[in-house]
Structure formats: C-alpha cells, structure tokens
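Notes follow the structure.
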Amino acid sequence: MTMVNEHTHMIKPPYQKVMITLKSHELTVHYFCLLMSSGVYQRGEENEGIYGFLVDDIKQEVSRSYRLKCAVCKKNGASVGCYIKSCRKMVHYPCGKQHQFIFQFTDPFPSYCKNHSPTQSLPVSSCVSEPLSCSVCLDPIEAVLSYSVLKCPACHGSWFHRDCVQNQAHSAAMFFFRCTLCNNKDMFQQEMLRMGIHIPERDAAWELEENAYGELLQVYQHCDANKCLSLSGRTNSSRTGWFQILRCMLCGSRGTHRKCASLNAFETDWACEDCAAAVDATGTSLPRHTDSPQPAGQRRSRSSKRSLILTPRQSPIVCKRYCTLFSAKEILQELASQISQHHPSMPVVVSGNKVLEAAMELVKRSDFKPSHALAVRFTSSKRIPSPGNTRRFLSLLVQQLQNTIFEGPDGAKNLTLDAQALREDVYFDVGCLLSLSLIHGGPPLGFFSRALYQHLFNFPRDTPLTVEDMGNTGFTDKVKKIQESRSLEELREAMQSASEYLEVAGCMRPVDSLSDKDTLVEDIVSFHLITRMQLPFQRFCEGLKILGVFDQVQMFPGAFVSLFCSSPDKLTAETMSALFTVKFSEQEETTGKESAVVTFWRHYLVECEVGRCATSLEDVLIYATSADVVPAIGFSPNPTLSFLNPLDPAGAFPKSQPSSNHLVLPVVPSYQVFKKNMEYAVCQLTVMQAI
C-alpha cells in the first residue's frame, strides 16, 4: 500500500476527521481509518475507488470489521489491529489514538498497541542535558521519554510534545519539516515516521496560500518624513538627486526623499526610526538621519559604534547588513569586552612543552572562569606572567589542538570520531579552548576544512558535500572507486570491497543501474561526515559557545570563514611597518636622528622579507610581541616604536616589552650597526625559547 500524494492536501491533524464520500455507491469513509485498516489494500489505480482502494474491497472490510469488537469502547466495527501477529487487540482508529496506539504512515502502514509500540531511548553518553521546555511551543516539558514526549534522534537535545511536533509536521510538510534545534532533516523525519507522526507529502502550508508572497513583487515608494518637502507629493520619486525616494536599508518598508531626511544628494544609506531604535536596543548605533534640517555649513557626524554584537533573536536582515559592515576582528573585540580585569587572573603553569596538558587542566578546574584573564607562566622561564606569555601559550596551544580530535591534511581538518574522546568530553574541551584562544588574543585558527565549517555554521549555504571533503581517510579510496565505476559490474565489485563499511553506514543495497552510484556516494559521504558525527558535533559546538563565539560566527559566517579555514596572510615588510606606530621624542634635536633610525628599521624589515638577514619577520614580531602572527582579535595595545639615545651607540641593543607590544630602538649612526644589533637581540630570544 502506498501513500497517495494527490490527496495529502486534504489531510488535517489527527483530531480532525477527513471524510470522503462516494455518492454513487452510498459509501463514506474516514481516510485515516481506511489507511490503517488491517484488511484492505490499494489494489487499484489511483483514479479507481478512493485513491486506489476499490469499492468492493472497502465493503468487504466493513463486513469484516463489523464482527470485531473494539478493545477500548467495546463496540463493533474495529478495523485496526496491532501489527504484532501474536497480539489480538483491535480498535477503532480514534480509540487507538486516545489509548496511545502508534500508527506509522509508511508502507505497509502498520499499527502498534501500547504494549508493542516503538520507543525512544537516551544515548549512552551522559553529556546530553535534560530539556527544560518543548522546542516547539516552549512550554515546560517532563524530561521522560514517553508516548507524549519525543526527542530528535540527531542532536538528542531537542525534545517536544507529540501534539506540538505533529502540528509542526502538518504545517511544514515533507520539504520543510526538520528539527528546530539542529536543523537535521533526514534522520529526524525517519524517526518521526517511526514514532507515528504523519508528514504530508506536499509543500509547506505557508507556501500554498494564494498570493502569499505578492507583496514581495511590490517596491515601497512613499516618503514617510514628518514633513515632505516634495511639491509633487509623497509618492513622487526622481531617478537621482534630492527627491529620489530611499528605502530603509534594513526593513525596506519605509521611505524618504533625501531632502526630507537632510541627506546629501549622493547618500544611499538610510534607516527608518523603527529599525534604528530596534538596533539601538542591542547597543548598536546605525547611520541614521532625522527629519530636522542641519544648520548651513555644519557637517553631520555618524553615531559611534557602541556595540557590534547582535543577539540570535536579531532580525536576519539586520544581521546580513552588519555582516558586511563589521569584520571578524571587530566582533571578537566586542566579545573580548567580557574579559574582566578586576577579578583575579586564572593561573596557568606550563611545564616544558606540555601546553595542551596545562590547557586541559585549566578548563577542567572547578573554579574555571573563561571571562577572567589568563596569567601564564612557563617553568623554563624566569619571567613573571605577562600578556606576552599568554600569546605564546595560545599560539602553541592552537598548534597542539590540531592533533587532538581532528584528522586530515594541514589546513583542511575534519573532526574525527574517537570513543575515548567522547567519554572524556574532549570535544567540548577543545571547542572551549578554541573559543578561549580567539577571545584572549590567540592566533587565527586557519585549519578547519571547508566541509567542517559548512556543517558547523551552514556556510556557504546549500553546498553539497563531496568525496574530497572526507580527506585522506582509509576508506576514501574505496568510495572513489565506487564513484569512478564505469559499468554496473564494476560498481558492484567496488561495493563488495567496501561492504563492511557500507553495512555499518546502512548504505549496502542492491543497485540496478550505474546511475545509482551518485545517490550511493552522496549517502556514504553524508554518513561519514555528518550522521556518525552528530554527538561529537553537538559537544564541540557547546564548547565553541563559550564567551559567545559560536553564536556570533553562526550569524556572520562569511566574516569568519577565512579566520577558521585560511592560513594567516604571510607577513610582509609593508604590513610589519604599518603594524607599529612610531613615537618620536619631544626634543627637536633628536627627531632627525630618530627619523633616520625609522628608515633603518624599514630597510631591515625588507631584508628580513627577502632573506638577507639571519632573522625572519616572524622572529622580529615574536621579539616585540611574543606572537608570530597578528592575533585574530588584533593587538591590544597596538604595537609601538620608541627610541633610546645611548651614550655608546655601538653597544646599544634594542629592547622589547612584549607585555605592552612595545619595541625600543637605539639611535645608532649607521645601518650596519643597527642590523647587527637587531639580529643579535632577536636571535638571542630565539635561542632562549628553543632551550
């Protein structure tokens, strides 16, 4: 028996009875009662009888069920029986719904009584927290799986009332019905069908409303200023100039003439008062303009940016706009405002090169506070804890984290499945440490694969996964053989060689044509990269939520993609020179000599870049700031240069203050002396760090 697509638009929630009448045969049936009846099958064509159920067969089923008594109401006419052969319970369809029968709306449309119905269970891992509310209606929910309370099989974190998810299914239908928390569709729909949720095979209800999107075809063309200055009226809009109507850059549903909002003749950005006020509620100011004219000759100033951080509830139009206005560095800087300088710092002691061990010990401490500053001390160094030590610690940490729960080539790593890491909750810890590194001044990550980033943050949208995204795993070659098969026989041989993995993935199935390989490969890749990794992904995302990193990246994935997936830009002499702000002495007699030293400095950077020095640009940056790349959040404070006028220029060496990103250059008479002393100082630090 198969579901009839043409009829599904008639189906309503189970408590509403859909009746079909054949007047010529004086026959009326409830469609769901017909579907679930145990003794009738669709033997005809779709245009015969009632969508394939022949009239004679229906009458025979009526006669059969008339003799059967319902186990609930004790009346005759029970046509629905439990699918378990040894069970003799018969019920009317409505009675079964009231007494927790489960009706599966998939071939062969079985029904199960309360004693034999399928159930759900929690995963073995204890990482899943108990739900507080239904993820559909948001009302409190009892944290016990039952007939009335279901959960998502993918994330295990989304729980809901049966009635709520059934209403959602009837509204969203097959093309849009998915988990409200993790957005999983395939596993979610299969599980809901198994648990007796009916999913109509049609478009979503909101897509079927007549002329539902008609307003999108209209462009708002009206001046809403308090006082419109156009002599031709509020709806008049010129092509350019003062009386062209500009629409709100956020909502598009308000407009103004440039003249009426006191804009200049070429300005294109304008926000209506409603949108500007909504964004201001988050602490963010927009470039908006009032209706009040500006005094002649007075230049308007745009409001300062008080906060760039938007909440997940913020309008998606606003979020899209801000994604283009602000960079990842600016957003991270706003998140870094959570770091408290008034509370005691979290001490971190690193023995030798055991950076990862020290970091794991930090996040597992009962008093761990991610919003407190870090005080890092290396046992091999006599220096007291300083921001320079913190940057060095975070740089080494990011390098070592790549070899924990990740696999694949450098610069394109995916999460790996590790049972021990799941038991010890390492996925959460690593996500937490990556967030901590980004906010506390660590380097750009740059090692995520595009597939990993896409699955975490859905960017770029609707990009299919490929075999190449699996990386160089032991199974990749076998999948490629399936993909490259040129005949049906070759395809079957390739499947046989990978049969063990295909069985585990649930992808071992008969193939009748060579074209079946495309769907097969797609299912294998989806299983390898997504399905089997659901719990690791969930815990990893929970860790990334520390200090709000995950939420901001999820809202602005385009701004962060290079920070996660691309190696940092290689340092150049030009970028290094621009990185440092030069602070000259106040005495005029020394300014000329200091300007000459700035020239030596820039020449030295060029020679470092082309390899004419014993040091590299990275070595110089480490010497000045303890970082070999510009941190993802930028330097704080900004690196500066100042000058020292020694009595003996020949024996004067540069001095670095990594805690304040400050470099002191001695005033020397020649470039040769400058270069020699710089190389000596930088190389000394390099040797000391290597010990």
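In the structure tokens, chains take letters A, B, ... by order of appearance, with residues numbered from 1 within each chain and ligands from 1 in the order shown.
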| Non-local contacts of range 349-361 of chain A (12 Å; only C-alpha atoms; under 2 positions in same chain excluded) as a PyMOL selection string | chain A and resi 346-347+363-368+370+374-381+384-385+389-390+392-404+424-434+436-437+689-691
| request: Would you mind listing what lies within 10 Å of Ile405 in chain A as a count of residues only, with only C-alpha atoms counted and same-chain residues fewer than 4 positions away left out? | output: 14
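Here the question is which of A:Val91, A:Val348, A:Cys223, A:Val279 gets nearest to Ala261 in chain A using only C-alpha atoms, and that residue is A:Cys223.
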| task | Pick out each residue of range 133-174 of chain A that DSSP on the backbone tags as alpha helix (DSSP H); I need them as an MDAnalysis selection string. | result | chainID A and resid 162:174
Atoms to include: C-alpha atoms. Write the selected residues as an mmCIF file, in the first residue's frame.
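The resulting part39.cif:
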data_model
loop_
_atom_site.group_PDB
_atom_site.id
_atom_site.type_symbol
_atom_site.label_atom_id
_atom_site.label_comp_id
_atom_site.auth_asym_id
_atom_site.auth_seq_id
_atom_site.Cartn_x
_atom_site.Cartn_y
_atom_site.Cartn_z
ATOM 1 C CA ARG A 162 3.787 14.760 20.381
ATOM 2 C CA ASP A 163 0.924 17.116 19.551
ATOM 3 C CA CYS A 164 3.354 20.006 19.005
ATOM 4 C CA VAL A 165 5.595 18.134 16.590
ATOM 5 C CA GLN A 166 2.549 16.720 14.769
ATOM 6 C CA ASN A 167 1.194 20.244 14.226
ATOM 7 C CA GLN A 168 4.631 21.319 13.050
ATOM 8 C CA ALA A 169 4.718 18.398 10.588
ATOM 9 C CA HIS A 170 1.334 19.313 9.113
ATOM 10 C CA SER A 171 2.426 22.921 8.713
ATOM 11 C CA ALA A 172 5.967 22.385 7.380
ATOM 12 C CA ALA A 173 5.233 19.134 5.486
ATOM 13 C CA MET A 174 7.877 16.933 3.906
#
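The space between CA of Gln672 in chain A and CA of Tyr604 in chain A spans 9.8 Å.
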| query | Which residues in range 363-524 of chain A does DSSP call strand (DSSP E)? List them as a list in words. | reply | Leu374, Ala375, Val376, Arg377, Phe378, Phe406, Glu407, Asn414 and Leu415 of chain A
Could you please take those selected residues and save all heavy atoms as a compact mmCIF listing (two decimals), in the first residue's frame?
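File produced: again-v6.txt:
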# COMPACT_ATOMS: atom_id res chain seq x y z
N LEU A 374 44.08 35.44 31.75
CA LEU A 374 44.99 34.33 31.99
C LEU A 374 46.34 34.86 32.46
O LEU A 374 46.84 35.88 31.96
CB LEU A 374 45.19 33.50 30.71
CG LEU A 374 43.93 32.90 30.08
CD1 LEU A 374 44.30 32.14 28.81
CD2 LEU A 374 43.21 31.98 31.05
N ALA A 375 46.93 34.17 33.44
CA ALA A 375 48.27 34.51 33.92
C ALA A 375 49.15 33.29 33.66
O ALA A 375 49.17 32.33 34.45
CB ALA A 375 48.24 34.86 35.40
N VAL A 376 49.85 33.28 32.52
CA VAL A 376 50.61 32.11 32.07
C VAL A 376 52.07 32.23 32.51
O VAL A 376 52.69 33.29 32.34
CB VAL A 376 50.53 31.96 30.54
CG1 VAL A 376 51.31 30.73 30.09
CG2 VAL A 376 49.07 31.86 30.09
N ARG A 377 52.57 31.14 33.05
CA ARG A 377 53.99 31.10 33.43
C ARG A 377 54.60 29.80 32.91
O ARG A 377 54.06 28.71 33.14
CB ARG A 377 54.16 31.18 34.94
CG ARG A 377 55.64 31.19 35.39
CD ARG A 377 55.75 31.42 36.88
NE ARG A 377 55.24 30.30 37.65
CZ ARG A 377 55.97 29.21 37.97
NH1 ARG A 377 57.23 29.11 37.56
NH2 ARG A 377 55.43 28.24 38.67
N PHE A 378 55.70 29.93 32.17
CA PHE A 378 56.45 28.77 31.70
C PHE A 378 57.52 28.45 32.74
O PHE A 378 58.29 29.34 33.14
CB PHE A 378 57.09 29.04 30.34
CG PHE A 378 56.10 29.12 29.21
CD1 PHE A 378 55.48 30.32 28.90
CD2 PHE A 378 55.79 28.00 28.45
CE1 PHE A 378 54.57 30.41 27.85
CE2 PHE A 378 54.88 28.07 27.41
CZ PHE A 378 54.27 29.27 27.12
N PHE A 406 41.00 16.05 15.60
CA PHE A 406 40.92 16.38 14.18
C PHE A 406 41.74 15.40 13.35
O PHE A 406 42.70 14.80 13.84
CB PHE A 406 41.43 17.81 13.93
CG PHE A 406 40.67 18.87 14.68
CD1 PHE A 406 41.14 19.36 15.89
CD2 PHE A 406 39.48 19.37 14.19
CE1 PHE A 406 40.44 20.33 16.60
CE2 PHE A 406 38.77 20.34 14.88
CZ PHE A 406 39.25 20.82 16.08
N GLU A 407 41.33 15.24 12.10
CA GLU A 407 42.06 14.40 11.16
C GLU A 407 42.06 15.07 9.80
O GLU A 407 41.23 15.94 9.52
CB GLU A 407 41.41 13.02 11.04
CG GLU A 407 39.99 13.04 10.47
CD GLU A 407 39.36 11.66 10.38
OE1 GLU A 407 40.04 10.68 10.70
OE2 GLU A 407 38.18 11.57 9.96
N ASN A 414 39.05 17.78 9.47
CA ASN A 414 37.69 17.47 9.90
C ASN A 414 37.74 16.90 11.32
O ASN A 414 38.80 16.49 11.79
CB ASN A 414 37.04 16.44 8.97
CG ASN A 414 36.78 16.99 7.59
OD1 ASN A 414 36.27 18.10 7.45
ND2 ASN A 414 37.12 16.23 6.56
N LEU A 415 36.58 16.87 11.98
CA LEU A 415 36.51 16.17 13.25
C LEU A 415 36.64 14.67 13.03
O LEU A 415 36.13 14.14 12.03
CB LEU A 415 35.18 16.45 13.95
CG LEU A 415 35.01 17.80 14.66
CD1 LEU A 415 33.65 17.84 15.36
CD2 LEU A 415 36.11 18.06 15.65
| Cys152 in chain A: which residues within 8 Å, counting only C-alpha atoms, same-chain residues fewer than 4 positions away excluded, as a list of chain:residue names? | A:His156, A:Gly157, A:Ser158, A:Trp159, A:Cys179, A:Phe188, A:Glu191
| query | Between A:Phe32, A:Phe564, A:Tyr66, A:Tyr623, which has the minimum distance to Gly388 in chain A (counting only C-alpha atoms)? | reply | A:Tyr623
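Minimum atom-to-atom distance to Ser585 in chain A, evaluated using only C-alpha atoms, belongs to A:Asn645 out of A:Thr640, A:Asn645, A:Ser616, A:Ser133.
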| Contacts of Pro444 in chain A at 12 Å or less, counting only C-alpha atoms, minus same-chain residues fewer than 3 places along, as a PyMOL selection string? | chain A and resi 328-329+332+391+394-395+397-399+411+434-435+437-441+447-448+560-569+627-634
Export N, CA and C atoms of the chosen residues as a compact mmCIF listing (two decimals), in the first residue's frame?
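Final output, saved to selection.txt:
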# COMPACT_ATOMS: atom_id res chain seq x y z
N ALA A 328 35.50 40.20 11.34
CA ALA A 328 35.59 39.24 12.44
C ALA A 328 36.39 39.83 13.59
N LYS A 329 37.43 40.60 13.28
CA LYS A 329 38.26 41.19 14.34
C LYS A 329 37.44 42.15 15.20
N LEU A 332 35.09 40.09 17.45
CA LEU A 332 35.84 39.46 18.53
C LEU A 332 36.27 40.48 19.58
N ARG A 391 50.15 35.11 24.88
CA ARG A 391 50.09 34.96 23.42
C ARG A 391 50.93 33.76 22.96
N LEU A 394 48.95 30.59 23.81
CA LEU A 394 47.81 30.36 22.93
C LEU A 394 48.26 29.94 21.53
N SER A 395 49.36 30.50 21.06
CA SER A 395 49.88 30.11 19.75
C SER A 395 50.29 28.63 19.74
N LEU A 397 49.20 26.41 21.82
CA LEU A 397 48.00 25.62 22.10
C LEU A 397 47.24 25.31 20.81
N VAL A 398 47.04 26.31 19.96
CA VAL A 398 46.31 26.09 18.71
C VAL A 398 47.03 25.05 17.85
N GLN A 399 48.36 25.10 17.83
CA GLN A 399 49.13 24.10 17.07
C GLN A 399 48.89 22.70 17.61
N GLY A 411 45.60 22.40 7.37
CA GLY A 411 44.81 23.45 6.73
C GLY A 411 43.44 23.00 6.25
N LEU A 434 39.37 26.57 21.91
CA LEU A 434 39.46 27.37 20.69
C LEU A 434 38.76 28.73 20.88
N SER A 435 37.60 28.72 21.52
CA SER A 435 36.91 29.99 21.82
C SER A 435 37.76 30.85 22.74
N SER A 437 40.96 30.84 23.08
CA SER A 437 42.11 31.37 22.35
C SER A 437 41.75 32.58 21.50
N LEU A 438 40.62 32.51 20.80
CA LEU A 438 40.23 33.62 19.93
C LEU A 438 39.96 34.89 20.73
N ILE A 439 39.33 34.76 21.89
CA ILE A 439 38.95 35.93 22.67
C ILE A 439 40.12 36.48 23.49
N HIS A 440 41.02 35.62 23.94
CA HIS A 440 42.13 36.06 24.80
C HIS A 440 43.38 36.45 24.01
N GLY A 441 43.28 36.53 22.69
CA GLY A 441 44.42 37.04 21.91
C GLY A 441 45.23 35.99 21.19
N PHE A 447 42.77 26.12 10.28
CA PHE A 447 42.98 24.71 9.94
C PHE A 447 41.68 23.95 9.71
N PHE A 448 40.52 24.59 9.82
CA PHE A 448 39.25 23.91 9.56
C PHE A 448 39.11 23.62 8.06
N PHE A 560 33.77 35.26 9.19
CA PHE A 560 34.72 34.45 9.95
C PHE A 560 35.36 33.32 9.15
N VAL A 561 34.89 33.07 7.93
CA VAL A 561 35.33 31.87 7.22
C VAL A 561 36.84 31.84 7.00
N SER A 562 37.44 32.97 6.66
CA SER A 562 38.88 32.98 6.43
C SER A 562 39.65 32.78 7.73
N LEU A 563 39.10 33.25 8.85
CA LEU A 563 39.77 33.11 10.14
C LEU A 563 39.83 31.64 10.55
N PHE A 564 38.81 30.86 10.20
CA PHE A 564 38.76 29.44 10.57
C PHE A 564 39.41 28.54 9.51
N CYS A 565 39.33 28.91 8.25
CA CYS A 565 39.68 27.97 7.17
C CYS A 565 40.91 28.37 6.36
N SER A 566 41.43 29.56 6.50
CA SER A 566 42.56 30.00 5.68
C SER A 566 43.75 30.32 6.56
N SER A 567 44.93 29.96 6.07
CA SER A 567 46.14 30.30 6.81
C SER A 567 46.30 31.81 6.88
N PRO A 568 46.84 32.33 7.99
CA PRO A 568 47.03 33.79 8.10
C PRO A 568 47.88 34.32 6.96
N ASP A 569 47.59 35.53 6.55
CA ASP A 569 48.37 36.16 5.49
C ASP A 569 49.83 36.23 5.90
N ALA A 627 54.20 37.10 19.69
CA ALA A 627 53.29 36.44 18.75
C ALA A 627 53.95 36.37 17.39
N ASP A 628 53.81 35.22 16.71
CA ASP A 628 54.42 35.08 15.39
C ASP A 628 53.47 35.48 14.27
N VAL A 629 52.19 35.71 14.61
CA VAL A 629 51.22 36.23 13.64
C VAL A 629 50.36 37.26 14.37
N VAL A 630 49.67 38.05 13.61
CA VAL A 630 48.75 39.01 14.21
C VAL A 630 47.59 38.24 14.82
N PRO A 631 47.28 38.42 16.09
CA PRO A 631 46.17 37.69 16.72
C PRO A 631 44.86 37.92 15.98
N ALA A 632 43.96 36.94 16.11
CA ALA A 632 42.64 37.06 15.45
C ALA A 632 41.91 38.31 15.92
N ILE A 633 42.13 38.69 17.15
CA ILE A 633 41.45 39.85 17.73
C ILE A 633 42.26 41.13 17.56
N GLY A 634 43.48 41.00 16.99
CA GLY A 634 44.37 42.15 16.87
C GLY A 634 45.18 42.34 18.14
